[in-house]
Structure formats: C-alpha cells, structure tokens
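**Q** Mind having a look at this structure? Questions to follow.
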Amino acid sequence: MAEMFSLWNMFRIGWRGVKLSRRVTNAAVSAQTQRRYSTECSLFGLLFDIDGVLVRGRTPIPAAKQCFRNLVDGDGKYRVPVVFVTNAGNSLRETKAEQLSHLLEVEVSPDQVVLSHSPLRVFTQFHDLCVLVSGQGPVVEVAHNVGFKNVVTIDMLREANPLLDVVDHNRRPKDLLCLYNVLPQIPPSMDLPPIDAVVLFGEPIRWETNLQLITDVLLTNGRPGNPVTSLHYPHIPVLACNMDLLWMAEAKNPRFGHGMFLVCLESIYKKITGCELKYEALIGKPSVVTYNYAELLIRKQAEKLGWTRPVERLYAIGDNPMADIYGANLYNRYLKAMHRTRVQAQGSSSSQVPGDQQCEASDDAKGSGRVMVGGSFDHRLPEGCSSILVCTGVYNRDHQDLPSDPEQTVTEQRIFHGHRDFRFDPSLTQPSFIVHDVRDGVELVFQREGWSLQ
C-alpha cells in the first residue's frame with residue numbers, strides 16, 4: 001500500500017496572502033462554493049477532535065456550543081453525520097459521550113465516539129490472550145469493553161511481584177527478609193499467568209512503575225518474576241493506543257501525552273537490549289485504521305438519518321498538525337488510492353470490487369487490522385477527507401505564523417513530533433484549510449457543500 005500511496009500527492013495550498021477571518025479562510029473557497037451552489041447538495045460527514053477543538057481540559061471552548069446548536073434541528077437531531085475522534089483513551093466511550101453531551105448541550109451517543117482504543121475491537125486475534133494493560137482510569141473495564149477476556153493490570157502485576165517496583169523508596173517492601181519468608185506461601189490466587197501481549201491504552205500515573213514492569217515483561221518473555229537469562233527477541237506483541245506527543249489542556253503550553261511515554265519506553269528498551277521496540281499495532285490518530293473505523297460510524301449515522309446515498313466527503317477538524325491533520329491527510333491519500341483501485345477493478349470487470357466487503361487499513365505503521373465496511377446500501381468509500389486546522393489548541397497562530405513560502409508546511413521542518421514508526425512526509429502536515437475555531441470550520445464546510453446552517 002505504501003507504493004500505492006506514493007502515486008498520490010496531496011494538493012498544496014499557497015499560504016501567501018492568506019488571512020484568517022470569521023467567514024472564509026482560504027482564497028480558493030469562493031470559487032469552489034459558487035460551483036457547489038449550482039449543483040445538487042452533496043452528502044458529507046464531520047469528524048471532530050475534542051481536546052483543543054471543543055474543550056480545553058474540562059472547559060468548553062465558547063465557539064463549540066454555538067457550533068453544535070447549529071448542527072442539530074429543533075428536535076435535537078443532527079443534520080449531518082457527526083463522529084468525535086479523539087486520542088483520549090482512559091475512559092469508556094459511554095462516559096465520554098455523557099461528558100460531551102453535558103459540555104456541548106446536545107445529545108451525543110456512544111456510537112458517535114471513537115476513542116484511541118476503539119479500533120482494538122477488530123484485533124480479535126488478541127482477545128483470548130492474557131494481556132498486560134497500562135494506562136489510567138477503568139483500564140480493566142475498557143479492556144473488557146473492546147473484547148479482551150484475560151486482563152492483568154500493572155497494579156496486579158506489582159502486587160504479585162512486590163520486589164519489582166523499587167524506584168519510590170516509600171513503596172519498597174519494608175522487611176525484605178520477612179518478605180522472602182512469606183513469598184513461598186503466596187496463595188495460588190495471587191499467581192498470575194504468563195503475559196502473552198502488552199496493551200498500552202494511554203499515559204499512566206506512575207511512569208517509573210509502568211516503565212519498569214513493562215520492560216520486565218518484555219525482557220522475560222511475559223514472566224517478570226523470572227531472571228533474564230537470554231534476550232527474547234522479537235519480544236511478545238505490543239499494541240499501543242494514542243501516539244500524541246503533546247496535547248492541550250488548560251495550561252498555556254501543551255502537556256506530555258502518551259506519545260512521550262512511548263518515547264521513554266522505546267529508549268529504555270533499546271538502551272538495555274540494543275534492539276528496537278517493535279509494535280504489533282499503533283492505533284489512534286494518525287493511523288489510518290482509526291479513520292477507517294470512524295468512517296464506519298459515519299456511515300451508520302447516515303443510515304440513521306435516512307440517507308440512501310453514500311457519504312461523498314469527510315471533513316476532519318483538529319488542532320494538532322501531527323495527529324489530526326497528518327492523519328486526515330494520510331486517510332485522504334488512502335481513500336484516493338482505494339478509489340483508483342476500485343475504478344481499475346471495475347474496468348477489468350472484476351466480480352469483487354475492493355471495499356465492498358472489507359477494507360484493510362494500511363499505513364506507515366505495522367499491523368493496522370481490518371474493519372468491516374459492509375452496509376445497507378452498496379458501500380462506497382468517501383471520495384476524500386479534507387483536513388481543517390483550528391487555532392484554539394496545540395496549533396496557535398499567535399505563536400506559529402503561517403509560512404510565507406508555499407512549499408513549507410505549518411509545522412517546523414526539522415522537528416518531527418510524530419511517532420518513530422511513521423515515515424515523516426511534511427506535506428501531510430499541511431491542512432486543507434486553517435480557521436480560527438470550530439464554528440468557523442463548520443461554517444466553511446456548510447458553505448462549500450451548499451448547505452445552509454440556518
């Protein structure tokens with residue numbers, strides 16, 4: 001698929017003379033909009049990031065409430081399919097939907113929420129294995145919710161092996177001699193089965209404990225109580241959700257995200273073993289599998305709205321160039337490649353058109369998994385996915401000026417904040433449009449598509 005992707009270059013938008021406004025933020029919009037008004041209204045769906053777009057920490061961004069009041073009719077029914085795609089993952093989607101409903105003052109269904117771990121539902125080959133999970137919040141409930149049946153937490157592992165976590169002196173066993181005398185009598189209920197795989201849901205609270213115990217599990221082939229006698233490599237499978245290096249909360253500057261924790265784990269493992277930490281899958285934005293899963297939910301929302309024609313375009317609104325914009329543009333590239341493959345297959349009179357039954361979400365990272373895409377009507381993937389960057393989160397136009405050179409992108413060329421296993425393509429960090437806030441973004445989309453927000 002990487003070779004296929006190379007055939008499709010993302011269009012570039014010149015930034016010379018671009019000025020942000022409350023209405024239009026791209027010089028090409030006016031002509032495009034006029035063309036759209038003269039044709040039948042097309043069908044589109046909206047993908048919203050949450051942190052930095054709709055909220056800052058627990059505080060809603062003012063424009064978000066007005067935006068969503070316009071997105072629902074008098075009965076509270078959404079006018080177009082809406083899905084929330086976030087790299088947050090330390091909660092259930094039911095909880096996130098309830099929080100969004102309260103903050104935005106519109107009803108949000110769990111079926112409209114994609115958390116970073118949501119696509120793990122399709123990784124059924126791991127669901128029966130004994131998995132060690134890392135993160136915070138209701139990690140056991142989250143793991144069971146996405147299909148894992150045999151779950152071990154970091155706390156469970158620490159309690160079963162009290163000698164492993166010794167960075168914090170106050171958490172060390174008080175009497176090692178007494179402990180050694182007691183350990184042989186640990187009841188069978190305390191025993192844990194060997195760990196078959198590691199699932200990293202999100203940033204944990206005690207990084208030193210999680211880094212130590214996860215490393216122990218990898219070095220001992222899932223048996224952290226045993227001594228390391230030889231290097232087990234490749235190590236047991238590791239699946240990681242949420243690659244965000246930074247994210248925007250109430251503070252004036254971005255905070256460390258789970259991507260920063262992954263950088264630490266990768267560095268520790270390589271320093272100890274001399275080998276690269278390998279991932280069975282990287283899930284969450286900017287991975288294509290996450291957008292494929294979101295498209296599945298968009299289609300279901302369209303069916304609930306009574307739409308009988310496929311969604312033609314997606315618009316992804318986000319604040320992070322390296323997660324939201326990169327991911328949306330990577331997915332756009334994927335959609336273009338799949339569309340071309342479909343056309344070629346139809347031209348050769350193939351009885352099976354790629355995308356009719358299932359679509360493999362490939363990207364620069366390994367093992368994206370498969371997402372079923374069958375629907376009530378003959379399914380056709382959207383024609384494309386446009387990226388819209390807002391200035392209320394990680395990207396802030398007050399601190400990051402638009403490049404004067406159209407060959408440059410909105411992120412620094414020499415500093416790559418994406419994950420290690422994603423090949424950096426600077427063009428993928430360049431948004432289709434830049435707007436001030438989410439309300440401007442939605443107004444722009446409706447104007448381009450010839451829809452009225454009134």
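If you're wondering about the labels, chains in the structure tokens are A, B, ... by order shown, residues count from 1 in each chain, ligands from 1 in order shown.
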Quick one: residues within 12 Å of His417 of chain A, only C-alpha atoms counted, chain neighbours fewer than 3 positions away excluded, as a list in words?

**A**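 Answer for this query is Met243, Asp244, Leu245, Leu246, Trp247, Phe256, Gly257, Gly259, Met260, Val263, Pro286, Asn320, Pro321, Met322, Ala323, Tyr326, Val394, Thr411, Glu412, Gln413, Arg414, Arg420, Asp421, Phe422, Arg423, Phe424, Asp425, Pro426 and Thr429 of chain A.
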
**Q** Could you list, as a list in words, every residue within 9 Å of Asn70 of chain A, counting only C-alpha atoms and ignoring same-chain residues fewer than 2 positions away?

**A**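 Counting only the stated atoms, we get Lys65, Gln66, Cys67, Phe68, Val72, Asp73, Arg79, Leu453 and Gln454 of chain A.
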
**Q** Let me see the file: selected residues, N, CA and C atoms, as an mmCIF file, in the first residue's frame.

**A**
```
data_model
loop_
_atom_site.group_PDB
_atom_site.id
_atom_site.type_symbol
_atom_site.label_atom_id
_atom_site.label_comp_id
_atom_site.auth_asym_id
_atom_site.auth_seq_id
_atom_site.Cartn_x
_atom_site.Cartn_y
_atom_site.Cartn_z
ATOM 1 N N LYS A 65 -20.172 25.413 21.586
ATOM 2 C CA LYS A 65 -21.596 25.310 21.913
ATOM 3 C C LYS A 65 -22.464 25.877 20.800
ATOM 4 N N GLN A 66 -22.104 27.056 20.305
ATOM 5 C CA GLN A 66 -22.865 27.676 19.222
ATOM 6 C C GLN A 66 -22.812 26.815 17.974
ATOM 7 N N CYS A 67 -21.648 26.265 17.717
ATOM 8 C CA CYS A 67 -21.459 25.403 16.555
ATOM 9 C C CYS A 67 -22.432 24.230 16.597
ATOM 10 N N PHE A 68 -22.540 23.576 17.745
ATOM 11 C CA PHE A 68 -23.378 22.383 17.825
ATOM 12 C C PHE A 68 -24.859 22.718 17.927
ATOM 13 N N VAL A 72 -27.750 20.776 14.993
ATOM 14 C CA VAL A 72 -28.937 19.973 15.270
ATOM 15 C C VAL A 72 -30.187 20.775 14.917
ATOM 16 N N ASP A 73 -31.259 20.053 14.607
ATOM 17 C CA ASP A 73 -32.510 20.738 14.294
ATOM 18 C C ASP A 73 -33.297 20.998 15.577
ATOM 19 N N ARG A 79 -28.059 17.204 11.736
ATOM 20 C CA ARG A 79 -28.391 17.459 10.338
ATOM 21 C C ARG A 79 -27.493 16.675 9.398
ATOM 22 N N LEU A 453 -26.803 26.671 7.253
ATOM 23 C CA LEU A 453 -26.711 26.388 8.687
ATOM 24 C C LEU A 453 -27.915 26.937 9.443
ATOM 25 N N GLN A 454 -28.797 27.612 8.768
ATOM 26 C CA GLN A 454 -29.965 28.217 9.434
ATOM 27 C C GLN A 454 -31.061 27.171 9.618
#
```

**Q** Could you check which of A:Asn332, A:Thr392, A:Thr215, A:Asn221 is closest to Pro431 of chain A, using only C-alpha atoms?

**A**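 Of A:Asn332, A:Thr392, A:Thr215, A:Asn221, the one nearest Pro431 of chain A, counting only C-alpha atoms, is A:Asn332.
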
**Q** Provide the atom CA of Ala160 of chain A to atom CA of Asn242 of chain A distance in Å, to one decimal place.

**A** 28.2 Å

**Q** If we count only C-alpha atoms and set the cut-off at 9 Å, which residues sit around His127 of chain A, ignoring sequence neighbours fewer than 5 positions away in its own chain? Please answer as a PyMOL selection string.

**A** chain A and resi 121+144+146-150

**Q** For a test of reading the model, state the distance in Å between atom CA of Leu47 of chain A and atom CA of Val85 of chain A, rounded to one decimal.

**A**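 Computing it gives 6.3 Å between the two atoms.
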
**Q** Would you mind telling me which residue in A:Val139, A:Ala281, A:Val390, A:Ala240 lies nearest to Leu92 of chain A when using only C-alpha atoms?

**A**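 Result for the nearest residue to Leu92 of chain A: A:Val139.
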
**Q** Please measure the separation of atom CA of Glu280 of chain A and atom CA of Val199 of chain A, giving the value in Å to one decimal.

**A**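 Interatomic distance, atom CA of Glu280 of chain A to atom CA of Val199 of chain A: 9.9 Å.
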
**Q** DSSP says helix (DSSP H, G or I) for which residues of segment 27-234 of chain A? Put them as a PyMOL selection string?

**A** chain A and resi 29-37+62-71+93-104+110-112+118-122+124-126+139-145+154-160+169-171+176-185+188-190+207-219

**Q** Go ahead and save the residues from that selection, with C-alpha atoms, as an mmCIF file, in the first residue's frame.

**A**
```cif
data_model
loop_
_atom_site.group_PDB
_atom_site.id
_atom_site.type_symbol
_atom_site.label_atom_id
_atom_site.label_comp_id
_atom_site.auth_asym_id
_atom_site.auth_seq_id
_atom_site.Cartn_x
_atom_site.Cartn_y
_atom_site.Cartn_z
ATOM 1 C CA VAL A 29 -13.190 28.708 -1.252
ATOM 2 C CA SER A 30 -15.228 31.402 -3.005
ATOM 3 C CA ALA A 31 -14.967 29.880 -6.481
ATOM 4 C CA GLN A 32 -15.449 26.352 -5.145
ATOM 5 C CA THR A 33 -18.532 27.410 -3.212
ATOM 6 C CA GLN A 34 -20.114 29.035 -6.265
ATOM 7 C CA ARG A 35 -19.665 25.827 -8.215
ATOM 8 C CA ARG A 36 -21.228 23.786 -5.388
ATOM 9 C CA TYR A 37 -24.309 26.003 -5.115
ATOM 10 C CA PRO A 62 -17.166 29.053 23.611
ATOM 11 C CA ALA A 63 -17.498 28.632 19.835
ATOM 12 C CA ALA A 64 -18.188 24.911 20.249
ATOM 13 C CA LYS A 65 -21.596 25.310 21.913
ATOM 14 C CA GLN A 66 -22.865 27.676 19.222
ATOM 15 C CA CYS A 67 -21.459 25.403 16.555
ATOM 16 C CA PHE A 68 -23.378 22.383 17.825
ATOM 17 C CA ARG A 69 -26.582 24.318 18.340
ATOM 18 C CA ASN A 70 -26.439 24.932 14.589
ATOM 19 C CA LEU A 71 -25.659 21.279 13.814
ATOM 20 C CA ARG A 93 -16.990 5.804 25.217
ATOM 21 C CA GLU A 94 -20.262 5.908 27.191
ATOM 22 C CA THR A 95 -18.557 8.158 29.731
ATOM 23 C CA LYS A 96 -17.036 10.353 27.029
ATOM 24 C CA ALA A 97 -20.407 10.663 25.274
ATOM 25 C CA GLU A 98 -22.038 11.724 28.537
ATOM 26 C CA GLN A 99 -19.325 14.327 29.150
ATOM 27 C CA LEU A 100 -19.699 15.742 25.640
ATOM 28 C CA SER A 101 -23.475 15.884 25.965
ATOM 29 C CA HIS A 102 -23.101 17.946 29.123
ATOM 30 C CA LEU A 103 -20.400 20.259 27.748
ATOM 31 C CA LEU A 104 -21.934 20.859 24.305
ATOM 32 C CA PRO A 110 -21.612 6.427 22.439
ATOM 33 C CA ASP A 111 -21.947 5.277 18.808
ATOM 34 C CA GLN A 112 -20.613 8.700 17.777
ATOM 35 C CA SER A 118 -11.888 1.759 19.930
ATOM 36 C CA PRO A 119 -10.394 0.002 16.852
ATOM 37 C CA LEU A 120 -8.976 -2.698 19.156
ATOM 38 C CA ARG A 121 -12.393 -4.321 18.763
ATOM 39 C CA VAL A 122 -11.262 -5.623 15.379
ATOM 40 C CA THR A 124 -9.778 -10.349 17.622
ATOM 41 C CA GLN A 125 -6.623 -12.460 17.357
ATOM 42 C CA PHE A 126 -5.509 -10.994 20.710
ATOM 43 C CA VAL A 139 -8.485 0.090 32.312
ATOM 44 C CA VAL A 140 -9.925 -3.352 33.099
ATOM 45 C CA GLU A 141 -13.417 -2.270 32.099
ATOM 46 C CA VAL A 142 -12.050 -0.604 28.966
ATOM 47 C CA ALA A 143 -10.126 -3.756 28.043
ATOM 48 C CA HIS A 144 -13.179 -5.976 28.512
ATOM 49 C CA ASN A 145 -15.306 -3.469 26.601
ATOM 50 C CA ILE A 154 0.191 -3.046 36.315
ATOM 51 C CA ASP A 155 -1.097 -2.925 39.909
ATOM 52 C CA MET A 156 -1.964 -6.627 39.814
ATOM 53 C CA LEU A 157 1.499 -7.422 38.479
ATOM 54 C CA ARG A 158 3.130 -5.262 41.145
ATOM 55 C CA GLU A 159 1.181 -6.904 43.955
ATOM 56 C CA ALA A 160 2.087 -10.385 42.714
ATOM 57 C CA HIS A 169 11.600 4.144 48.404
ATOM 58 C CA ASN A 170 8.312 4.542 50.247
ATOM 59 C CA ARG A 171 6.754 1.770 48.143
ATOM 60 C CA LEU A 176 12.856 -7.923 52.719
ATOM 61 C CA LEU A 177 13.809 -10.864 54.977
ATOM 62 C CA CYS A 178 10.234 -11.194 56.158
ATOM 63 C CA LEU A 179 9.037 -10.880 52.582
ATOM 64 C CA TYR A 180 11.338 -13.652 51.390
ATOM 65 C CA ASN A 181 9.936 -15.890 54.140
ATOM 66 C CA VAL A 182 6.374 -15.091 53.104
ATOM 67 C CA LEU A 183 6.677 -15.248 49.329
ATOM 68 C CA PRO A 184 6.767 -19.074 49.074
ATOM 69 C CA GLN A 185 3.436 -19.158 50.886
ATOM 70 C CA PRO A 188 -2.454 -19.713 44.340
ATOM 71 C CA SER A 189 -4.980 -16.922 43.803
ATOM 72 C CA MET A 190 -2.066 -14.479 43.758
ATOM 73 C CA TRP A 207 5.548 6.357 34.805
ATOM 74 C CA GLU A 208 8.516 4.816 36.630
ATOM 75 C CA THR A 209 6.444 1.841 37.801
ATOM 76 C CA ASN A 210 4.885 1.212 34.406
ATOM 77 C CA LEU A 211 8.183 1.606 32.530
ATOM 78 C CA GLN A 212 9.948 -0.801 34.912
ATOM 79 C CA LEU A 213 7.287 -3.527 34.910
ATOM 80 C CA ILE A 214 6.553 -3.367 31.171
ATOM 81 C CA THR A 215 10.281 -3.646 30.483
ATOM 82 C CA ASP A 216 10.474 -6.621 32.869
ATOM 83 C CA VAL A 217 7.648 -8.332 30.982
ATOM 84 C CA LEU A 218 9.309 -7.757 27.603
ATOM 85 C CA LEU A 219 12.729 -8.933 28.778
#
```

**Q** Counting only C-alpha atoms, which residue out of A:Val131, A:Asp75, A:Asn87, A:Glu203 sits closest to Val106 of chain A?

**A**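 Selected residue with least distance to Val106 of chain A: A:Asp75.
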
**Q** Which residue out of A:Asp324, A:Glu383, A:Glu295, A:Asp437 has the minimum interatomic distance to Pro81 of chain A when only C-alpha atoms are used?

**A**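 Closest to Pro81 of chain A of all the choices is A:Glu295.
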
**Q** Could you check which of A:Leu239, A:Arg172, A:Phe446, A:Gly76 is closest to Phe123 of chain A, using only C-alpha atoms?

**A** A:Leu239
